[in-house]
Structures are given as C-alpha cells and as structure tokens.
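Participant: Encoded as structure tokens, here's the structure I'll be asking about.
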Amino acid sequence: MSSDFSLDRRSAVPAVIGNPADFLIIGGLSGSAKDVGSLTNESPNVYLLGGAMGAAVTMGLGLALAQPTRRVLVVSGDGEFLMNSGSLATVAYMKPANLSLLCVDNGCYGETGNQVSATSRSTDLELIARGSGIDHACTVQTGSEFAAASKLLRHPDGPSFVLLRVNNGPPPDYRRNFDAVETKAAFRRNCL
Amino acid sequence: MDTEVIKTETWAELLYDSLRELGITIFCYVPDAGHRVLIERSISDNNVISVPLTTEEEGVAFLAGAHLGGKRGVLLMQSSGVGNCINMLSLINAGRFPFLTIVSMRGDFGEQNPWQLPMGQAVEPCLMAMDTLCLRIETREDIPSTTEAATQMAYKSDQSVAILLSQKLIGAKPF
C-alpha cells in the first residue's frame, strides 16, 4: 500500500467533519458508521446504515433535495463509493447545493479482513467524482489539509466531495444502534 | 398521431394526475418507454423534483432519504429494474420506510422479446420475497383507485408497495 494512506481515521475523520451539528448526516455501513457514531453518539441528526451497501450517497441526495435549507453530509467508505459510483453522476446531475460527500478511503474492505480495494491499486475516486461532474473536490493525505477539507464540506455552492485517505487500521471501537426503525423515527422527529 | 399513442397518453396522464393529487412531489426513474409520459410530465412540472437515476436501486435509497426529509416520492421503473433493487429493499424493510414504485411490465402478457421473460415473470415472486406488496393494474378504469390504495398503504401504513402496470394496459411492444 502506498505511503499516501497514512492518516489514522480515528483522528482524521473528526478533524475533517468538524462540528457534526452543522449537518444532517447519513453514515455508510461498517467502519464509516463507527466513525460517525463515535463522533456523534448517534445524535438525532444522524442516520447510520447497517446494510444495503451502496445506499448512502443517494439516500443523502434524497434528504438534501427534501430539505434544501439544511446541509447534508454523507460519510462512507471506498467500498461503498465503488459499489455505486454511478450515484456520483446522479448527484452531479441534480447539483444539490447543500450536499457534501466524505469518502473515508482506506484502500481496503476493513469489515471483511482488509482485502485490497481498487482504490489502493488503480482507482482515484476524486477523479471519478470530478468526471461525474462534481467540481468541488479534493483529496486529503496529511493533517495540514484538514482545515481546507472541512471548509469544502461546507461549500455553499455544492455538491462537494472529499476523499480522505487513511491507513488500514481499525475504526473507533463503538457499538452502534442497529434498530433502523428507531433511528428513523428519532431522525424524523428531530428533522421535521 | 396513431391510436396506440393516444391510448398511452390517456392512461399515463390519468396516472400522473392521480399521483400528484396524492401528494407525490418526487419522481425518480431510469428512463423507460412505458413511463415516457410520466417522466415528461414530471420534468415539466415546476412543483416536482424529477430525478434520473443510473440504476433503479439508487431510487430505493433516494426515496428513503427523501422520507427522512419529509417528502413523498415514487420510483418509476421497467420490470427489468426490479432485479436491480432487491438487496436495497433491505433498507426499506429493516427501517419500515414507506416505499412506492410503479413498474411497467415487460415479459408479461403478449411479450415478443424472449430476453424480457425471465425478469418479467420473476417480478412478483422477487418483490414478495422482500415483503413488497404488489397491486396489478390491467385496465384504465383501475388507475385512480389502485394508485390511491397503493399510495395510502405506502405512506400511511409504512408499507413497501409496487403497482405493476400490465402489458394488457400498456400494450406489448412489437418487434
């Protein structure tokens, strides 16, 4: 694995997101759900997926279009972004100003034994985002880039995309809620 | 304009108007000839969000997100797209999200393209296996009542509901 995958996600993800209360957040399954759950303690502005891999980006798009005055953040891993990379085209086509995407790219499938993913060998998801039509995009490989990335996630004329390259170490040790009905109800009570 | 086109626009206009009266303000779809009129109406309707998708499963997650944000939507797809949605319906099922889709059938009554038969015939068993209720429309007269029933079951009772538009209604495409 190349040296640009060096950041520790347990500190890098909170640093890039900043204050999570600035967003309505959709968290992708497995590692990303733990990243977001640990940061927010699953506050009611957060909905974490536990399956349905590939859902996170378009779920965030639906939320962003339904709530155009709120800022929506999707946090997910390289595995999920690769699975439904076409959804980046759907986001770019709709061009929601209030949607930001954060890809926690560890170059592997951490939940299933760290099998390498295409991003560690050949695929650049920032280029896929840009090629799809998401113009506000950046890649973060060092701590000196955190502040700019955090600002990009709050770009007033989105959508925006941040590719956060991290090492293949574990996500935070966090036991998240898997009750998708309960978390849906809490989210809607808070949001609507 | 030939008689087939007039017939199509009549039932499709009625279906679109029914959905709008029931508070549907988001239409997402992978383009399909059977849904042509609904898609065009949604694009030209200033009070509707019209979303072209790259694959049908995006629409399942998209509508769940829209529900988190308080909006009612519908996924328009051809029967072949149902197969693309199956695992994504886990989200609907696990979270008891309301879900409404309208499926224009191929591989159904009078189909002339053998490639359409496998998925067309599998639509109902696949959807039922994922706890999606299937309501079939075969005549124009059934459109308002079935559309209302499906929409209420989805958005009042938090059910996953598919309206299947039979080829008896939309016609079998000649090849």
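All residue names refer to the structure tokens as shown: chains lettered A, B, ... in order, residues numbered from 1 in each chain, ligands numbered from 1 in order.
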Per DSSP on the backbone, filter stretch 86-150 of chain B down to the residues in strand (DSSP E or B) and report them as a PyMOL selection string.
Facilitator: chain B and resi 99-104+132-137
Participant: Please list as JSON, numbers by chain every residue within 7 Å of A:Val75, counting only C-alpha atoms and excluding residues in the same chain fewer than 2 positions away.
Facilitator: {"A": [26, 27, 28, 32, 73, 101, 102, 103]}
Participant: Suppose we keep all heavy atoms; can you now write the selection as a PDB file, in the first residue's frame?
Facilitator:
```pdb
ATOM      1  N   ILE A  26     -25.766  11.143   6.882  1.00  0.00           N
ATOM      2  CA  ILE A  26     -26.010   9.742   6.547  1.00  0.00           C
ATOM      3  C   ILE A  26     -24.668   9.030   6.634  1.00  0.00           C
ATOM      4  O   ILE A  26     -23.710   9.415   5.955  1.00  0.00           O
ATOM      5  CB  ILE A  26     -26.576   9.583   5.115  1.00  0.00           C
ATOM      6  CG1 ILE A  26     -27.869  10.382   4.919  1.00  0.00           C
ATOM      7  CG2 ILE A  26     -26.780   8.098   4.789  1.00  0.00           C
ATOM      8  CD1 ILE A  26     -29.044   9.901   5.726  1.00  0.00           C
ATOM      9  N   GLY A  27     -24.590   8.005   7.483  1.00  0.00           N
ATOM     10  CA  GLY A  27     -23.348   7.253   7.640  1.00  0.00           C
ATOM     11  C   GLY A  27     -23.443   5.907   6.961  1.00  0.00           C
ATOM     12  O   GLY A  27     -24.380   5.147   7.214  1.00  0.00           O
ATOM     13  N   GLY A  28     -22.478   5.606   6.106  1.00  0.00           N
ATOM     14  CA  GLY A  28     -22.443   4.316   5.427  1.00  0.00           C
ATOM     15  C   GLY A  28     -22.165   3.183   6.403  1.00  0.00           C
ATOM     16  O   GLY A  28     -21.799   3.408   7.561  1.00  0.00           O
ATOM     17  N   SER A  32     -17.506   3.253   8.520  1.00  0.00           N
ATOM     18  CA  SER A  32     -17.977   4.646   8.493  1.00  0.00           C
ATOM     19  C   SER A  32     -19.058   4.885   9.541  1.00  0.00           C
ATOM     20  O   SER A  32     -19.124   5.966  10.130  1.00  0.00           O
ATOM     21  CB  SER A  32     -18.530   4.993   7.111  1.00  0.00           C
ATOM     22  OG  SER A  32     -17.572   4.730   6.136  1.00  0.00           O
ATOM     23  N   LEU A  73     -24.558  15.759   4.916  1.00  0.00           N
ATOM     24  CA  LEU A  73     -23.244  15.139   4.735  1.00  0.00           C
ATOM     25  C   LEU A  73     -23.408  13.623   4.666  1.00  0.00           C
ATOM     26  O   LEU A  73     -24.056  13.029   5.530  1.00  0.00           O
ATOM     27  CB  LEU A  73     -22.331  15.503   5.917  1.00  0.00           C
ATOM     28  CG  LEU A  73     -20.968  14.796   5.987  1.00  0.00           C
ATOM     29  CD1 LEU A  73     -20.077  15.195   4.817  1.00  0.00           C
ATOM     30  CD2 LEU A  73     -20.266  15.102   7.317  1.00  0.00           C
ATOM     31  N   LEU A 101     -20.086  15.075   0.315  1.00  0.00           N
ATOM     32  CA  LEU A 101     -19.762  13.655   0.398  1.00  0.00           C
ATOM     33  C   LEU A 101     -18.344  13.511   0.952  1.00  0.00           C
ATOM     34  O   LEU A 101     -17.415  14.158   0.456  1.00  0.00           O
ATOM     35  CB  LEU A 101     -19.831  13.010  -0.996  1.00  0.00           C
ATOM     36  CG  LEU A 101     -21.109  13.277  -1.812  1.00  0.00           C
ATOM     37  CD1 LEU A 101     -20.940  12.731  -3.237  1.00  0.00           C
ATOM     38  CD2 LEU A 101     -22.313  12.627  -1.143  1.00  0.00           C
ATOM     39  N   LEU A 102     -18.200  12.674   1.975  1.00  0.00           N
ATOM     40  CA  LEU A 102     -16.872  12.388   2.539  1.00  0.00           C
ATOM     41  C   LEU A 102     -16.602  10.898   2.380  1.00  0.00           C
ATOM     42  O   LEU A 102     -17.304  10.063   2.971  1.00  0.00           O
ATOM     43  CB  LEU A 102     -16.828  12.783   4.022  1.00  0.00           C
ATOM     44  CG  LEU A 102     -15.570  12.367   4.804  1.00  0.00           C
ATOM     45  CD1 LEU A 102     -14.300  12.961   4.193  1.00  0.00           C
ATOM     46  CD2 LEU A 102     -15.696  12.764   6.272  1.00  0.00           C
ATOM     47  N   CYS A 103     -15.599  10.578   1.585  1.00  0.00           N
ATOM     48  CA  CYS A 103     -15.218   9.174   1.400  1.00  0.00           C
ATOM     49  C   CYS A 103     -13.996   8.869   2.265  1.00  0.00           C
ATOM     50  O   CYS A 103     -12.929   9.457   2.064  1.00  0.00           O
ATOM     51  CB  CYS A 103     -14.907   8.893  -0.071  1.00  0.00           C
ATOM     52  SG  CYS A 103     -14.338   7.201  -0.347  1.00  0.00           S
TER      53      CYS A 103
END
```
Participant: Which residues, written as JSON, numbers by chain, have at least one atom at most 9 Å from B:Thr101, with only C-alpha atoms counted and residues fewer than 5 positions away on the same chain left out?
Facilitator: {"B": [60, 73, 74, 75, 76, 77, 160, 161, 162, 163, 164]}
Participant: Taking only C-alpha atoms into account, find every residue of chain B that has an atom no more than 6 Å from chain A, and write it out as a ChimeraX atom specification.
Facilitator: /B:53-54,58,61-62,65-66,68-69,71,88,90-91,94-95
Participant: Restricting the calculation to only C-alpha atoms: of A:Ala97, A:Ala92, A:Leu29, A:Leu163, which residue gets closest to A:Gly133?
Facilitator: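 With only C-alpha atoms as the atom set, the closest residue is A:Ala92.
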Participant: Compare A:Val74, A:Arg165, A:Ile25, A:Thr123 by their minimum atom-to-atom distance to A:Val46, counting only C-alpha atoms, and give me the closest one.
Facilitator: A:Ile25
Participant: Quick one: everything within 12 Å of A:Gly18, counting only C-alpha atoms, minus sequence neighbours fewer than 4 positions away in the same chain. Send it as an mmCIF file with all heavy atoms, in the first residue's frame.
Facilitator:
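Printed below is around_8.cif as written:
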```
data_model
loop_
_atom_site.group_PDB
_atom_site.id
_atom_site.type_symbol
_atom_site.label_atom_id
_atom_site.label_comp_id
_atom_site.auth_asym_id
_atom_site.auth_seq_id
_atom_site.Cartn_x
_atom_site.Cartn_y
_atom_site.Cartn_z
ATOM 1 N N SER A 11 -8.686 9.895 14.214
ATOM 2 C CA SER A 11 -8.484 11.331 14.435
ATOM 3 C C SER A 11 -8.796 12.144 13.183
ATOM 4 O O SER A 11 -9.268 13.281 13.269
ATOM 5 C CB SER A 11 -7.052 11.605 14.897
ATOM 6 O OG SER A 11 -6.127 11.017 13.992
ATOM 7 N N ALA A 12 -8.566 11.556 11.999
ATOM 8 C CA ALA A 12 -8.736 12.310 10.755
ATOM 9 C C ALA A 12 -10.208 12.590 10.445
ATOM 10 O O ALA A 12 -10.558 13.705 10.019
ATOM 11 C CB ALA A 12 -8.103 11.547 9.589
ATOM 12 N N VAL A 13 -11.071 11.603 10.667
ATOM 13 C CA VAL A 13 -12.484 11.818 10.329
ATOM 14 C C VAL A 13 -13.092 12.933 11.191
ATOM 15 O O VAL A 13 -13.723 13.862 10.652
ATOM 16 C CB VAL A 13 -13.299 10.502 10.430
ATOM 17 C CG1 VAL A 13 -14.793 10.775 10.288
ATOM 18 C CG2 VAL A 13 -12.835 9.515 9.364
ATOM 19 N N PRO A 14 -12.911 12.911 12.531
ATOM 20 C CA PRO A 14 -13.439 14.029 13.330
ATOM 21 C C PRO A 14 -12.847 15.381 12.927
ATOM 22 O O PRO A 14 -13.556 16.393 12.919
ATOM 23 C CB PRO A 14 -13.028 13.665 14.767
ATOM 24 C CG PRO A 14 -12.895 12.177 14.757
ATOM 25 C CD PRO A 14 -12.360 11.841 13.389
ATOM 26 N N ASP A 22 -23.354 20.733 12.411
ATOM 27 C CA ASP A 22 -23.558 21.571 11.219
ATOM 28 C C ASP A 22 -24.337 20.843 10.127
ATOM 29 O O ASP A 22 -24.738 21.458 9.130
ATOM 30 C CB ASP A 22 -22.207 21.995 10.624
ATOM 31 C CG ASP A 22 -21.467 22.980 11.515
ATOM 32 O OD1 ASP A 22 -22.087 23.514 12.454
ATOM 33 O OD2 ASP A 22 -20.268 23.210 11.263
ATOM 34 N N PHE A 23 -24.523 19.526 10.283
ATOM 35 C CA PHE A 23 -25.065 18.711 9.192
ATOM 36 C C PHE A 23 -26.212 17.805 9.645
ATOM 37 O O PHE A 23 -26.292 17.433 10.817
ATOM 38 C CB PHE A 23 -23.972 17.767 8.646
ATOM 39 C CG PHE A 23 -22.709 18.416 8.190
ATOM 40 C CD1 PHE A 23 -21.589 18.459 9.020
ATOM 41 C CD2 PHE A 23 -22.618 18.968 6.915
ATOM 42 C CE1 PHE A 23 -20.402 19.044 8.595
ATOM 43 C CE2 PHE A 23 -21.438 19.554 6.478
ATOM 44 C CZ PHE A 23 -20.323 19.590 7.325
ATOM 45 N N VAL A 36 -18.772 7.764 12.443
ATOM 46 C CA VAL A 36 -19.789 8.793 12.692
ATOM 47 C C VAL A 36 -20.462 8.574 14.051
ATOM 48 O O VAL A 36 -20.705 9.527 14.791
ATOM 49 C CB VAL A 36 -20.843 8.800 11.559
ATOM 50 C CG1 VAL A 36 -21.970 9.777 11.868
ATOM 51 C CG2 VAL A 36 -20.185 9.144 10.228
ATOM 52 N N LEU A 39 -18.252 9.752 16.858
ATOM 53 C CA LEU A 39 -18.136 11.214 16.884
ATOM 54 C C LEU A 39 -19.395 11.883 17.432
ATOM 55 O O LEU A 39 -19.324 12.910 18.105
ATOM 56 C CB LEU A 39 -17.853 11.722 15.456
ATOM 57 C CG LEU A 39 -17.783 13.230 15.239
ATOM 58 C CD1 LEU A 39 -16.610 13.828 16.023
ATOM 59 C CD2 LEU A 39 -17.647 13.554 13.753
ATOM 60 N N THR A 40 -20.559 11.300 17.137
ATOM 61 C CA THR A 40 -21.833 11.978 17.429
ATOM 62 C C THR A 40 -22.632 11.310 18.539
ATOM 63 O O THR A 40 -23.665 11.842 18.965
ATOM 64 C CB THR A 40 -22.728 11.977 16.181
ATOM 65 O OG1 THR A 40 -23.007 10.608 15.827
ATOM 66 C CG2 THR A 40 -22.048 12.676 15.011
ATOM 67 N N LEU A 73 -24.558 15.759 4.916
ATOM 68 C CA LEU A 73 -23.244 15.139 4.735
ATOM 69 C C LEU A 73 -23.408 13.623 4.666
ATOM 70 O O LEU A 73 -24.056 13.029 5.530
ATOM 71 C CB LEU A 73 -22.331 15.503 5.917
ATOM 72 C CG LEU A 73 -20.968 14.796 5.987
ATOM 73 C CD1 LEU A 73 -20.077 15.195 4.817
ATOM 74 C CD2 LEU A 73 -20.266 15.102 7.317
ATOM 75 N N PHE A 146 -6.529 19.254 6.556
ATOM 76 C CA PHE A 146 -7.820 19.064 7.231
ATOM 77 C C PHE A 146 -8.707 20.307 7.151
ATOM 78 O O PHE A 146 -9.907 20.220 6.880
ATOM 79 C CB PHE A 146 -7.617 18.705 8.715
ATOM 80 C CG PHE A 146 -7.107 17.313 8.951
ATOM 81 C CD1 PHE A 146 -6.547 16.972 10.182
ATOM 82 C CD2 PHE A 146 -7.184 16.342 7.967
ATOM 83 C CE1 PHE A 146 -6.075 15.684 10.419
ATOM 84 C CE2 PHE A 146 -6.706 15.055 8.194
ATOM 85 C CZ PHE A 146 -6.150 14.720 9.422
ATOM 86 N N ALA A 147 -8.125 21.469 7.423
ATOM 87 C CA ALA A 147 -8.928 22.697 7.506
ATOM 88 C C ALA A 147 -9.591 23.014 6.167
ATOM 89 O O ALA A 147 -10.778 23.354 6.104
ATOM 90 C CB ALA A 147 -8.066 23.861 7.974
ATOM 91 N N ALA A 148 -8.827 22.859 5.089
ATOM 92 C CA ALA A 148 -9.378 23.155 3.758
ATOM 93 C C ALA A 148 -10.495 22.164 3.416
ATOM 94 O O ALA A 148 -11.520 22.541 2.831
ATOM 95 C CB ALA A 148 -8.273 23.100 2.710
ATOM 96 N N ALA A 149 -10.289 20.897 3.801
ATOM 97 C CA ALA A 149 -11.313 19.878 3.517
ATOM 98 C C ALA A 149 -12.580 20.158 4.317
ATOM 99 O O ALA A 149 -13.702 20.020 3.805
ATOM 100 C CB ALA A 149 -10.775 18.492 3.849
ATOM 101 N N SER A 150 -12.403 20.545 5.567
ATOM 102 C CA SER A 150 -13.547 20.850 6.417
ATOM 103 C C SER A 150 -14.348 22.006 5.825
ATOM 104 O O SER A 150 -15.587 22.016 5.840
ATOM 105 C CB SER A 150 -13.021 21.214 7.812
ATOM 106 O OG SER A 150 -14.062 21.239 8.739
ATOM 107 N N LYS A 151 -13.639 22.967 5.271
ATOM 108 C CA LYS A 151 -14.305 24.108 4.624
ATOM 109 C C LYS A 151 -15.026 23.656 3.349
ATOM 110 O O LYS A 151 -16.142 24.105 3.064
ATOM 111 C CB LYS A 151 -13.256 25.181 4.309
ATOM 112 C CG LYS A 151 -13.836 26.516 3.919
ATOM 113 C CD LYS A 151 -12.735 27.567 3.777
ATOM 114 C CE LYS A 151 -13.352 28.862 3.264
ATOM 115 N NZ LYS A 151 -12.322 29.851 2.914
ATOM 116 N N LEU A 152 -14.398 22.769 2.607
ATOM 117 C CA LEU A 152 -15.019 22.291 1.360
ATOM 118 C C LEU A 152 -16.333 21.563 1.648
ATOM 119 O O LEU A 152 -17.297 21.664 0.875
ATOM 120 C CB LEU A 152 -14.061 21.361 0.606
ATOM 121 C CG LEU A 152 -14.470 21.041 -0.834
ATOM 122 C CD1 LEU A 152 -14.332 22.262 -1.724
ATOM 123 C CD2 LEU A 152 -13.654 19.886 -1.391
ATOM 124 N N LEU A 153 -16.394 20.837 2.774
ATOM 125 C CA LEU A 153 -17.641 20.144 3.134
ATOM 126 C C LEU A 153 -18.757 21.131 3.440
ATOM 127 O O LEU A 153 -19.926 20.755 3.493
ATOM 128 C CB LEU A 153 -17.425 19.226 4.348
ATOM 129 C CG LEU A 153 -16.526 18.004 4.142
ATOM 130 C CD1 LEU A 153 -16.446 17.192 5.429
ATOM 131 C CD2 LEU A 153 -17.034 17.120 3.002
ATOM 132 N N ARG A 154 -18.383 22.368 3.670
ATOM 133 C CA ARG A 154 -19.376 23.424 3.955
ATOM 134 C C ARG A 154 -19.496 24.399 2.791
ATOM 135 O O ARG A 154 -19.983 25.520 2.983
ATOM 136 C CB ARG A 154 -18.971 24.152 5.245
ATOM 137 C CG ARG A 154 -19.101 23.271 6.478
ATOM 138 C CD ARG A 154 -18.305 23.803 7.660
ATOM 139 N NE ARG A 154 -18.566 23.029 8.862
ATOM 140 C CZ ARG A 154 -18.004 21.856 9.140
ATOM 141 N NH1 ARG A 154 -17.151 21.315 8.292
ATOM 142 N NH2 ARG A 154 -18.296 21.205 10.245
#
```
